[in-house]
file data.cif (mmCIF, C-alpha atoms and all ligand atoms)
data_data
loop_
_atom_site.label_atom_id
_atom_site.label_comp_id
_atom_site.auth_asym_id
_atom_site.auth_seq_id
_atom_site.Cartn_x
_atom_site.Cartn_y
_atom_site.Cartn_z
CA MET A 2 -132.47 -180.75 60.34
CA ARG A 3 -134.75 -183.16 58.54
CA THR A 4 -138.12 -184.54 59.53
CA LEU A 5 -137.89 -187.95 61.16
CA ARG A 6 -140.35 -190.72 60.48
CA THR A 7 -142.85 -191.20 63.33
CA PHE A 8 -144.45 -194.57 63.99
CA GLN A 9 -147.52 -195.50 65.98
CA LEU A 10 -146.88 -198.73 67.92
CA PRO A 11 -149.67 -201.27 68.39
CA ALA A 12 -151.05 -202.01 71.89
CA GLU A 13 -149.54 -205.48 71.56
CA VAL A 14 -147.19 -207.02 69.03
CA THR A 15 -148.68 -210.34 67.92
CA GLY A 16 -146.73 -211.09 64.77
CA SER A 17 -149.62 -210.11 62.47
CA ILE A 18 -149.07 -209.06 58.90
CA TRP A 19 -149.41 -205.43 60.07
CA ASP A 20 -146.70 -205.95 62.69
CA ILE A 21 -144.38 -207.43 60.08
CA ALA A 22 -145.00 -204.48 57.75
CA LEU A 23 -144.34 -202.04 60.59
CA GLY A 24 -141.16 -203.91 61.58
CA VAL A 25 -139.87 -203.71 57.99
CA GLU A 26 -140.51 -199.94 58.00
CA LEU A 27 -138.70 -199.46 61.33
CA VAL A 28 -135.65 -201.30 60.03
CA ARG A 29 -135.78 -199.26 56.82
CA ALA A 30 -136.01 -195.97 58.75
CA TRP A 31 -132.93 -196.86 60.83
CA GLN A 32 -131.07 -197.90 57.69
CA THR A 33 -131.73 -194.54 56.03
CA ASP A 34 -131.83 -192.03 58.94
CA GLY A 35 -130.14 -193.89 61.83
CA ILE A 36 -133.01 -192.77 64.09
CA LEU A 37 -136.81 -192.78 64.19
CA GLN A 38 -139.62 -191.49 66.38
CA VAL A 39 -142.45 -193.36 68.07
CA ALA A 40 -145.64 -191.59 69.06
CA THR A 41 -146.24 -191.59 72.82
CA ASP A 42 -149.60 -191.74 74.61
CA SER A 43 -150.93 -189.34 77.24
CA ILE A 44 -149.62 -191.49 80.12
CA ALA A 45 -146.08 -191.56 78.75
CA ASN A 46 -146.31 -187.80 78.10
CA ALA A 47 -147.45 -187.09 81.66
CA VAL A 48 -144.68 -189.25 83.12
CA THR A 49 -142.09 -187.57 80.85
CA ALA A 50 -143.24 -184.10 81.88
CA ALA A 51 -143.02 -185.10 85.56
CA ALA A 52 -139.52 -186.53 85.04
CA LEU A 53 -138.26 -183.37 83.33
CA ARG A 54 -139.77 -181.30 86.15
CA GLU A 55 -138.08 -183.48 88.80
CA SER A 56 -134.86 -183.34 86.84
CA ARG A 57 -134.90 -179.52 86.89
CA ARG A 58 -135.60 -179.55 90.62
CA PHE A 59 -132.77 -182.02 91.30
CA PHE A 60 -130.09 -180.32 89.20
CA ALA A 61 -130.93 -176.98 90.85
CA LEU A 62 -129.73 -178.35 94.22
CA PRO A 63 -126.37 -177.16 95.54
CA LEU A 64 -123.45 -179.13 94.12
CA ARG A 65 -122.46 -180.50 97.55
CA ASP A 66 -125.90 -182.17 97.94
CA LYS A 67 -125.72 -183.75 94.49
CA ALA A 68 -122.07 -184.78 94.74
CA ARG A 69 -122.88 -186.98 97.74
CA LEU A 70 -125.04 -189.23 95.58
CA VAL A 71 -122.38 -191.67 94.39
CA SER A 72 -121.78 -195.28 95.29
CA ASP A 73 -118.77 -197.56 95.11
CA LEU A 74 -121.08 -200.47 94.22
CA THR A 75 -122.99 -199.03 91.26
CA TYR A 76 -122.45 -196.46 88.52
CA ALA A 77 -125.95 -195.16 89.35
CA GLY A 78 -125.92 -191.69 90.87
CA TYR A 79 -124.61 -188.24 90.15
CA VAL A 80 -122.02 -187.36 87.51
CA ALA A 81 -120.75 -183.78 87.73
CA SER A 82 -120.24 -181.62 84.65
CA GLY A 83 -116.74 -182.38 83.35
CA GLU A 84 -116.42 -185.75 85.14
CA GLU A 85 -117.32 -187.94 82.19
CA VAL A 86 -114.73 -188.51 79.50
CA THR A 87 -115.38 -189.40 75.84
CA ALA A 88 -112.28 -190.13 73.75
CA GLY A 89 -110.07 -188.53 76.40
CA GLU A 90 -112.02 -185.23 76.48
CA GLN A 91 -114.32 -183.97 79.22
CA ASP A 92 -118.07 -183.91 78.56
CA PHE A 93 -120.01 -181.01 80.04
CA SER A 94 -123.29 -182.81 80.70
CA GLU A 95 -124.43 -183.13 84.30
CA ILE A 96 -126.08 -186.52 84.80
CA PHE A 97 -128.02 -188.68 87.19
CA THR A 98 -127.61 -192.29 86.10
CA VAL A 99 -130.23 -194.87 87.06
CA CYS A 100 -129.29 -198.55 87.01
CA LYS A 101 -131.19 -201.57 88.33
CA ASP A 102 -131.93 -200.68 91.95
CA LEU A 103 -130.77 -203.72 93.93
CA PRO A 104 -130.67 -203.98 97.74
CA THR A 105 -127.40 -205.04 99.33
CA THR A 106 -129.09 -208.35 100.21
CA ASP A 107 -129.50 -209.24 96.50
CA PRO A 108 -127.35 -212.31 95.70
CA ARG A 109 -125.68 -210.46 92.78
CA VAL A 110 -124.67 -207.58 95.04
CA ARG A 111 -123.44 -209.99 97.72
CA ALA A 112 -121.42 -211.85 95.11
CA GLY A 113 -119.71 -208.57 94.16
CA TRP A 114 -120.95 -208.33 90.57
CA PRO A 115 -119.48 -205.11 89.10
CA GLY A 116 -121.98 -202.23 88.97
CA HIS A 117 -124.64 -203.96 91.11
CA GLY A 118 -126.06 -202.18 94.15
CA PRO A 119 -128.71 -199.76 95.42
CA VAL A 120 -129.31 -196.53 93.46
CA PRO A 121 -128.32 -193.52 95.64
CA TRP A 122 -131.61 -191.67 94.99
CA PRO A 123 -131.91 -188.03 96.09
CA ASP A 124 -135.42 -188.65 97.48
CA PRO A 125 -138.48 -190.93 97.08
CA VAL A 126 -140.39 -188.61 94.71
CA TYR A 127 -137.47 -188.49 92.28
CA ARG A 128 -137.12 -192.28 92.59
CA ASP A 129 -140.80 -192.94 91.86
CA VAL A 130 -140.98 -190.61 88.88
CA MET A 131 -137.78 -191.92 87.29
CA THR A 132 -138.83 -195.52 87.90
CA ALA A 133 -142.18 -194.78 86.21
CA LEU A 134 -140.39 -193.26 83.22
CA MET A 135 -138.07 -196.27 82.91
CA PHE A 136 -141.14 -198.49 82.90
CA GLN A 137 -142.69 -196.47 80.04
CA PHE A 138 -139.46 -196.65 78.05
CA GLY A 139 -139.23 -200.39 78.77
CA LEU A 140 -142.71 -201.12 77.38
CA ILE A 141 -141.71 -199.41 74.16
CA GLY A 142 -138.34 -201.18 74.13
CA ASP A 143 -139.92 -204.62 74.31
CA LYS A 144 -142.39 -203.83 71.53
CA ILE A 145 -139.70 -202.44 69.28
CA LEU A 146 -137.46 -205.47 69.80
CA LYS A 147 -140.31 -207.74 68.68
CA LEU A 148 -141.07 -205.54 65.67
CA THR A 149 -137.36 -205.43 64.83
CA ALA A 150 -137.14 -209.24 64.88
CA LEU A 151 -140.16 -209.36 62.56
CA GLY A 152 -138.73 -206.65 60.33
CA LEU A 153 -135.45 -208.52 60.00
CA GLY A 154 -137.34 -211.69 59.08
CA LEU A 155 -136.08 -213.68 62.08
CA PRO A 156 -137.95 -216.96 62.57
CA ASP A 157 -138.84 -216.19 66.22
CA MET A 158 -140.15 -212.68 66.96
CA ASN A 159 -139.24 -213.09 70.66
CA VAL A 160 -135.57 -213.85 70.14
CA LEU A 161 -134.38 -210.29 70.92
CA THR A 162 -136.93 -209.61 73.66
CA GLU A 163 -135.92 -212.80 75.49
CA LEU A 164 -132.32 -211.59 75.70
CA ALA A 165 -133.68 -208.52 77.52
CA THR A 166 -136.07 -210.33 79.89
CA ASP A 167 -134.37 -209.23 83.10
CA GLY A 168 -132.38 -206.70 81.09
CA TRP A 169 -129.69 -204.48 82.54
CA HIS A 170 -131.76 -201.47 81.46
CA HIS A 171 -130.43 -198.13 82.63
CA MET A 172 -131.14 -194.45 82.09
CA ARG A 173 -129.31 -191.14 82.05
CA VAL A 174 -131.13 -188.03 83.23
CA LEU A 175 -129.15 -185.17 81.71
CA ARG A 176 -128.73 -181.44 82.05
CA PHE A 177 -126.58 -179.54 79.60
CA PRO A 178 -125.47 -176.05 80.64
CA ALA A 179 -125.79 -173.19 78.17
CA ARG A 180 -122.87 -172.84 75.78
CA SER A 181 -120.14 -170.48 76.95
CA ALA A 182 -117.19 -168.70 75.41
CA VAL A 183 -115.07 -171.61 76.67
CA THR A 184 -116.89 -174.56 75.13
CA ALA A 185 -119.84 -175.78 73.05
CA ARG A 186 -119.13 -179.45 73.77
CA GLY A 187 -121.93 -181.36 75.47
CA ILE A 188 -120.96 -184.99 74.85
CA GLY A 189 -118.44 -186.09 72.24
CA ALA A 190 -119.37 -188.44 69.39
CA HIS A 191 -120.13 -191.94 70.65
CA THR A 192 -122.38 -194.93 70.29
CA ASP A 193 -124.32 -196.42 73.18
CA TYR A 194 -123.77 -199.94 74.34
CA GLY A 195 -126.94 -201.99 74.36
CA MET A 196 -129.80 -202.87 72.07
CA LEU A 197 -131.91 -199.69 71.90
CA VAL A 198 -131.52 -196.06 72.93
CA ILE A 199 -134.92 -194.46 73.61
CA ALA A 200 -134.86 -190.79 74.49
CA THR A 201 -136.79 -187.63 75.15
CA GLN A 202 -135.65 -184.02 75.26
CA ASP A 203 -137.22 -180.74 76.36
CA ASP A 204 -138.21 -178.06 73.84
CA VAL A 205 -134.80 -176.32 73.74
CA GLY A 206 -133.29 -178.44 70.94
CA GLN A 207 -130.03 -177.36 69.23
CA GLY A 208 -128.31 -180.23 71.04
CA LEU A 209 -128.52 -183.76 69.71
CA PHE A 210 -126.92 -184.73 66.39
CA VAL A 211 -126.98 -188.20 64.86
CA ARG A 212 -124.98 -189.73 62.05
CA PRO A 213 -127.08 -191.63 59.52
CA PRO A 214 -125.67 -194.71 57.79
CA VAL A 215 -123.30 -193.64 54.99
CA ASP A 216 -122.79 -195.89 51.96
CA GLY A 217 -119.48 -197.72 52.13
CA GLU A 218 -118.51 -196.24 55.51
CA LYS A 219 -116.86 -198.74 57.83
CA ARG A 220 -118.26 -198.44 61.33
CA PRO A 221 -116.27 -199.37 64.43
CA ARG A 222 -117.31 -202.39 66.45
CA ASN A 223 -117.35 -200.53 69.76
CA TRP A 224 -117.34 -203.76 71.79
CA LEU A 225 -113.79 -204.54 70.60
CA GLU A 226 -111.08 -202.86 72.61
CA HIS A 227 -109.16 -201.60 69.56
CA GLU A 228 -112.27 -200.33 67.69
CA SER A 229 -113.77 -197.77 70.09
CA SER A 230 -116.43 -195.55 68.52
CA ALA A 231 -115.72 -192.77 71.04
CA GLY A 232 -114.74 -189.59 69.18
CA VAL A 233 -115.04 -191.26 65.76
CA PHE A 234 -116.45 -189.06 62.92
CA GLU A 235 -116.69 -186.13 65.42
CA HIS A 236 -115.59 -183.59 62.79
CA GLU A 237 -116.77 -185.34 59.61
CA GLU A 238 -120.16 -184.69 58.04
CA PRO A 239 -122.91 -185.86 57.79
CA TRP A 240 -124.50 -185.06 61.17
CA HIS A 241 -128.22 -184.35 61.41
CA LEU A 242 -129.74 -182.24 64.15
CA VAL A 243 -132.61 -183.93 66.00
CA ASP A 244 -135.31 -181.35 66.74
CA PRO A 245 -137.60 -181.93 69.72
CA VAL A 246 -141.06 -183.14 68.66
CA PRO A 247 -143.77 -183.24 71.36
CA SER A 248 -145.48 -186.58 72.08
CA THR A 249 -142.68 -188.67 70.61
CA PHE A 250 -139.64 -190.57 71.83
CA THR A 251 -136.64 -191.03 69.56
CA VAL A 252 -135.27 -194.55 69.10
CA PHE A 253 -132.04 -195.82 67.61
CA PRO A 254 -129.95 -199.00 67.78
CA GLY A 255 -126.95 -199.48 70.07
CA ASP A 256 -123.80 -201.62 69.80
CA ILE A 257 -125.48 -204.90 70.70
CA LEU A 258 -128.02 -204.66 67.86
CA GLN A 259 -125.18 -203.98 65.43
CA PHE A 260 -123.43 -207.10 66.72
CA LEU A 261 -126.54 -209.32 66.81
CA THR A 262 -127.51 -208.36 63.24
CA ALA A 263 -123.95 -208.52 61.89
CA GLY A 264 -124.17 -204.88 60.85
CA GLU A 265 -127.57 -204.99 59.12
CA LEU A 266 -128.47 -202.43 61.78
CA LEU A 267 -125.73 -200.01 62.83
CA SER A 268 -125.20 -198.54 66.28
CA THR A 269 -126.03 -194.88 65.63
CA PRO A 270 -123.17 -192.44 66.37
CA HIS A 271 -124.42 -189.29 68.07
CA LYS A 272 -123.06 -186.25 69.88
CA VAL A 273 -124.47 -183.35 71.86
CA LYS A 274 -123.64 -179.67 71.46
CA LEU A 275 -124.48 -177.07 74.08
CA ALA A 276 -127.46 -174.82 73.26
CA ASP A 277 -127.96 -171.14 74.03
CA ARG A 278 -129.70 -172.12 77.29
CA ASP A 279 -129.87 -175.10 79.64
CA ARG A 280 -131.14 -178.22 77.93
CA TYR A 281 -132.68 -181.24 79.70
CA SER A 282 -132.98 -184.72 78.21
CA VAL A 283 -133.37 -188.31 79.32
CA ALA A 284 -131.81 -191.27 77.50
CA TYR A 285 -132.86 -194.84 78.29
CA PHE A 286 -130.89 -197.90 77.30
CA HIS A 287 -132.79 -201.16 76.67
CA GLU A 288 -130.28 -203.89 77.33
CA PRO A 289 -129.64 -207.63 77.51
CA ASP A 290 -129.47 -209.29 80.90
CA PHE A 291 -126.07 -208.69 82.54
CA PRO A 292 -124.76 -212.31 82.49
CA VAL A 293 -125.88 -213.09 78.93
CA THR A 294 -123.36 -214.22 76.32
CA LEU A 295 -124.58 -213.07 72.92
CA ARG A 296 -124.06 -214.52 69.45
CA PRO A 297 -125.22 -213.02 66.13
CA VAL A 298 -128.87 -213.91 65.38
CA ASN A 299 -128.73 -213.12 61.67
CA GLY A 300 -125.58 -213.93 59.69
CA GLY A 301 -122.18 -213.07 61.09
CA ASP A 302 -119.66 -215.41 62.69
CA PRO A 303 -121.42 -217.82 65.09
CA GLU A 304 -118.14 -218.24 66.98
CA GLU A 305 -118.01 -214.53 67.82
CA THR A 306 -119.53 -213.66 71.19
CA ILE A 307 -120.07 -210.65 73.44
CA HIS A 308 -120.52 -211.07 77.15
CA TYR A 309 -122.87 -208.19 77.82
CA GLY A 310 -121.88 -207.60 81.47
CA THR A 311 -118.23 -207.38 80.44
CA HIS A 312 -119.04 -204.91 77.65
CA PHE A 313 -121.07 -202.72 80.03
CA THR A 314 -118.38 -202.77 82.71
CA ASN A 315 -115.58 -202.00 80.23
CA MET A 316 -117.51 -199.06 78.80
CA PHE A 317 -118.33 -197.54 82.19
CA MET A 318 -114.78 -197.97 83.46
CA ARG A 319 -113.61 -196.19 80.29
CA CYS A 320 -116.03 -193.27 80.84
CA TYR A 321 -115.39 -192.93 84.59
CA PRO A 322 -111.76 -193.92 85.23
CA ASP A 323 -111.57 -191.98 88.52
CA ARG A 324 -114.99 -192.80 89.99
CA VAL A 325 -115.13 -194.71 93.31
CA THR A 326 -117.08 -197.45 91.54
CA THR A 327 -114.19 -198.05 89.13
CA GLN A 328 -111.66 -197.87 91.96
CA ARG A 329 -113.50 -200.55 93.94
CA ILE A 330 -113.83 -202.87 90.92
CA LEU A 331 -110.06 -202.64 90.49
CA ALA A 332 -109.14 -202.79 94.20
CA GLU A 333 -111.27 -205.89 94.79
CA ASN A 334 -110.44 -207.49 91.45
CA ARG A 335 -114.14 -207.71 90.63
CA LEU A 336 -113.31 -208.19 86.93
CA SER A 337 -112.36 -211.77 87.82
CA ILE A 338 -116.07 -212.35 88.57
CA LEU A 339 -116.80 -211.45 84.95
CA THR A 340 -114.12 -213.86 83.77
CA ARG A 341 -115.73 -216.67 85.77
CA MET A 342 -119.17 -215.68 84.46
CA ARG A 343 -117.92 -215.83 80.87
CA GLU A 344 -116.21 -219.17 81.36
CA SER A 345 -119.24 -220.80 82.95
CA ALA A 346 -121.49 -219.45 80.19
CA LEU A 347 -119.26 -220.95 77.51
CA THR A 348 -118.96 -224.36 79.15
CA PRO A 349 -121.46 -226.68 77.47
O1 LIG A 401 -128.99 -185.45 75.30
C1 LIG A 401 -129.29 -186.27 74.45
O2 LIG A 401 -130.25 -186.05 73.69
C2 LIG A 401 -128.50 -187.55 74.28
C3 LIG A 401 -127.63 -187.92 75.42
C4 LIG A 401 -126.72 -189.09 75.12
O3 LIG A 401 -126.28 -189.30 74.05
C5 LIG A 401 -126.36 -190.03 76.20
O4 LIG A 401 -126.73 -189.80 77.36
O5 LIG A 401 -125.71 -191.07 75.91
FE FE A 402 -125.59 -191.45 73.91
#
call {"tool": "encode", "arguments": {"input": "data.cif", "output": "structure tokens"}}
result
Amino acid sequence: MRTLRTFQLPAEVTGSIWDIALGVELVRAWQTDGILQVATDSIANAVTAAALRESRRFFALPLRDKARLVSDLTYAGYVASGEEVTAGEQDFSEIFTVCKDLPTTDPRVRAGWPGHGPVPWPDPVYRDVMTALMFQFGLIGDKILKLTALGLGLPDMNVLTELATDGWHHMRVLRFPARSAVTARGIGAHTDYGMLVIATQDDVGQGLFVRPPVDGEKRPRNWLEHESSAGVFEHEEPWHLVDPVPSTFTVFPGDILQFLTAGELLSTPHKVKLADRDRYSVAYFHEPDFPVTLRPVNGGDPEETIHYGTHFTNMFMRCYPDRVTTQRILAENRLSILTRMRESALTP
């Protein structure tokens, strides 16, 4: 374990000289450690504590009550321990995934967009607390995207934030069982898919490991089908344990920031081991809007694009090949909607 750098974010990012200096430091911290911490205020801390409490209450329910909370429209809902697959191996995390909560009357749901639909919440209290936590994470996400643009020296500090205006932000509320004689695997090595991963964990620790940038190491471009980052570097050092630090969230870049910055920022590989007791964490993903087609903002090949909604859908289908959501996408050929979305976005 090593001590992570902790940053205090301003109330508002205006582009001042102080913001630029802070942005440069954030970029530098990611380039050395792959991860950093931001200090959280008392409101964020209260909401986090409530979310971890609700998470404990929810996961303590009988399996049959939790297992009902799935939907063939959205990947939001319950994921049983062992259901998720990373690099062909089962992960032992138990998860409640939160995606954008859209009523069936929403035009995107009616049009059959993959992954779009109402969240199958367990109850209104859980819904309200998790929605409040997502809001707290989102405020931080928007500030960090502005500071990142400043730190990278981009001419417009809003260029990243604007991609995430109606972002496809989502969140994973996780419980890891205690390690057993059978396995110590929580989640296999992977990178996450969007712009930022902002997370909190309880005081158990012993779980999350990140891989810092390594000089000369070629990193997969996880958005390309033949370059999956799932399982990569799993058994190769260096991996650094991330200890829980009260009143902070951890933040690291995801695949889309690696793509947008042409590798100046790398999507941080991470993995989770099981601890000697249950461990609870929440990971939030600050994302571009679903239909956005992205191009590098700083160097890179301007002809290269990622359609974010396609990337998200591919990744979730890969993690949950047997889920009803995946089955319905395939049965109703909903991927053709993504093809049409991509084509219309590329037509001048
Ligand atoms: O448990 C953690 O700290 C991280 C979980 C994670 O990597 C994920 O949900 O993608
Ligand atoms: Fe992750």
call {"tool": "closest_atom_pairs", "arguments": {"input": "data.cif", "of": "chain A", "to": "ligand FE 402 (chain A)", "cutoff": "7 Å", "atoms": "only C-alpha atoms and all ligand atoms", "output": "CSV"}}
result
residue,atom,partner,partner_atom,distance
A:His191,CA,A:FE402,FE,6.4
A:Thr192,CA,A:FE402,FE,6.0
A:Asp193,CA,A:FE402,FE,5.2
A:His271,CA,A:FE402,FE,6.3
call {"tool": "closest_residue", "arguments": {"input": "data.cif", "among": "A:Asp102, A:Leu10, A:Tyr76, A:Gly16", "to": "Met318 (chain A)", "atoms": "all atoms listed in the file"}}
result
A:Tyr76
call {"tool": "residues_around", "arguments": {"input": "data.cif", "residues": "Glu95 (chain A)", "least_positions_apart": "3", "cutoff": "9 Å", "atoms": "all atoms listed in the file", "output": "list in words"}}
result
Phe60, Tyr79, Val80, Ala81, Ser82, Gly83, Glu84, Glu85, Asp92, Val174, Leu175, Arg176, Phe177 and Pro178 of chain A
call {"tool": "residues_near_ligand", "arguments": {"input": "data.cif", "ligand": "ligand LIG 401 (chain A)", "cutoff": "7 Å", "atoms": "all atoms listed in the file", "output": "PyMOL selection string"}}
result
chain A and resi 173+175+188+193+200-202+208-209+271-273+282-284
call {"tool": "atom_distance", "arguments": {"input": "data.cif", "atom1": "CA of Ala190 (chain A)", "atom2": "CA of Glu218 (chain A)"}}
result
15.9 Å
call {"tool": "decode", "arguments": {"input": "data.cif", "residues": "region 313-330 of chain A", "atoms": "N, CA, C and O atoms", "output": "compact mmCIF listing (two decimals), in the first residue's frame"}}
result
# COMPACT_ATOMS: atom_id res chain seq x y z
N PHE A 313 -20.68 0.60 -24.56
CA PHE A 313 -21.36 0.19 -23.32
C PHE A 313 -22.11 -1.14 -23.54
O PHE A 313 -21.99 -2.08 -22.73
N THR A 314 -22.86 -1.20 -24.61
CA THR A 314 -23.68 -2.40 -24.85
C THR A 314 -22.78 -3.63 -25.06
O THR A 314 -23.04 -4.71 -24.50
N ASN A 315 -21.71 -3.46 -25.84
CA ASN A 315 -20.79 -4.59 -26.05
C ASN A 315 -20.21 -5.09 -24.74
O ASN A 315 -20.12 -6.29 -24.49
N MET A 316 -19.80 -4.14 -23.89
CA MET A 316 -19.16 -4.52 -22.63
C MET A 316 -20.14 -5.26 -21.72
O MET A 316 -19.80 -6.25 -21.08
N PHE A 317 -21.38 -4.77 -21.63
CA PHE A 317 -22.35 -5.41 -20.74
C PHE A 317 -22.79 -6.77 -21.28
O PHE A 317 -23.01 -7.71 -20.52
N MET A 318 -22.88 -6.88 -22.60
CA MET A 318 -23.23 -8.19 -23.17
C MET A 318 -22.10 -9.20 -22.89
O MET A 318 -22.35 -10.37 -22.64
N ARG A 319 -20.85 -8.68 -22.90
CA ARG A 319 -19.71 -9.56 -22.62
C ARG A 319 -19.71 -10.01 -21.16
O ARG A 319 -19.40 -11.17 -20.86
N CYS A 320 -20.08 -9.12 -20.24
CA CYS A 320 -20.08 -9.47 -18.81
C CYS A 320 -21.26 -10.36 -18.43
O CYS A 320 -21.18 -11.12 -17.48
N TYR A 321 -22.40 -10.19 -19.12
CA TYR A 321 -23.63 -10.89 -18.73
C TYR A 321 -24.23 -11.63 -19.92
O TYR A 321 -25.35 -11.32 -20.37
N PRO A 322 -23.50 -12.62 -20.46
CA PRO A 322 -23.98 -13.28 -21.68
C PRO A 322 -25.33 -13.97 -21.50
O PRO A 322 -26.08 -14.09 -22.47
N ASP A 323 -25.65 -14.42 -20.27
CA ASP A 323 -26.88 -15.20 -20.08
C ASP A 323 -28.04 -14.37 -19.52
O ASP A 323 -29.11 -14.90 -19.30
N ARG A 324 -27.82 -13.09 -19.24
CA ARG A 324 -28.86 -12.29 -18.59
C ARG A 324 -30.03 -12.05 -19.56
O ARG A 324 -29.84 -11.96 -20.78
N VAL A 325 -31.25 -11.91 -19.00
CA VAL A 325 -32.43 -11.69 -19.85
C VAL A 325 -32.28 -10.45 -20.72
O VAL A 325 -32.80 -10.40 -21.84
N THR A 326 -31.56 -9.46 -20.19
CA THR A 326 -31.35 -8.21 -20.94
C THR A 326 -30.58 -8.51 -22.24
O THR A 326 -30.94 -8.02 -23.32
N THR A 327 -29.53 -9.31 -22.11
CA THR A 327 -28.74 -9.68 -23.29
C THR A 327 -29.60 -10.52 -24.25
O THR A 327 -29.57 -10.29 -25.47
N GLN A 328 -30.36 -11.44 -23.67
CA GLN A 328 -31.19 -12.32 -24.53
C GLN A 328 -32.18 -11.50 -25.35
O GLN A 328 -32.39 -11.76 -26.53
N ARG A 329 -32.76 -10.47 -24.72
CA ARG A 329 -33.76 -9.67 -25.44
C ARG A 329 -33.10 -8.80 -26.53
O ARG A 329 -33.65 -8.62 -27.62
N ILE A 330 -31.93 -8.27 -26.23
CA ILE A 330 -31.20 -7.48 -27.25
C ILE A 330 -30.98 -8.35 -28.48
O ILE A 330 -31.20 -7.93 -29.62
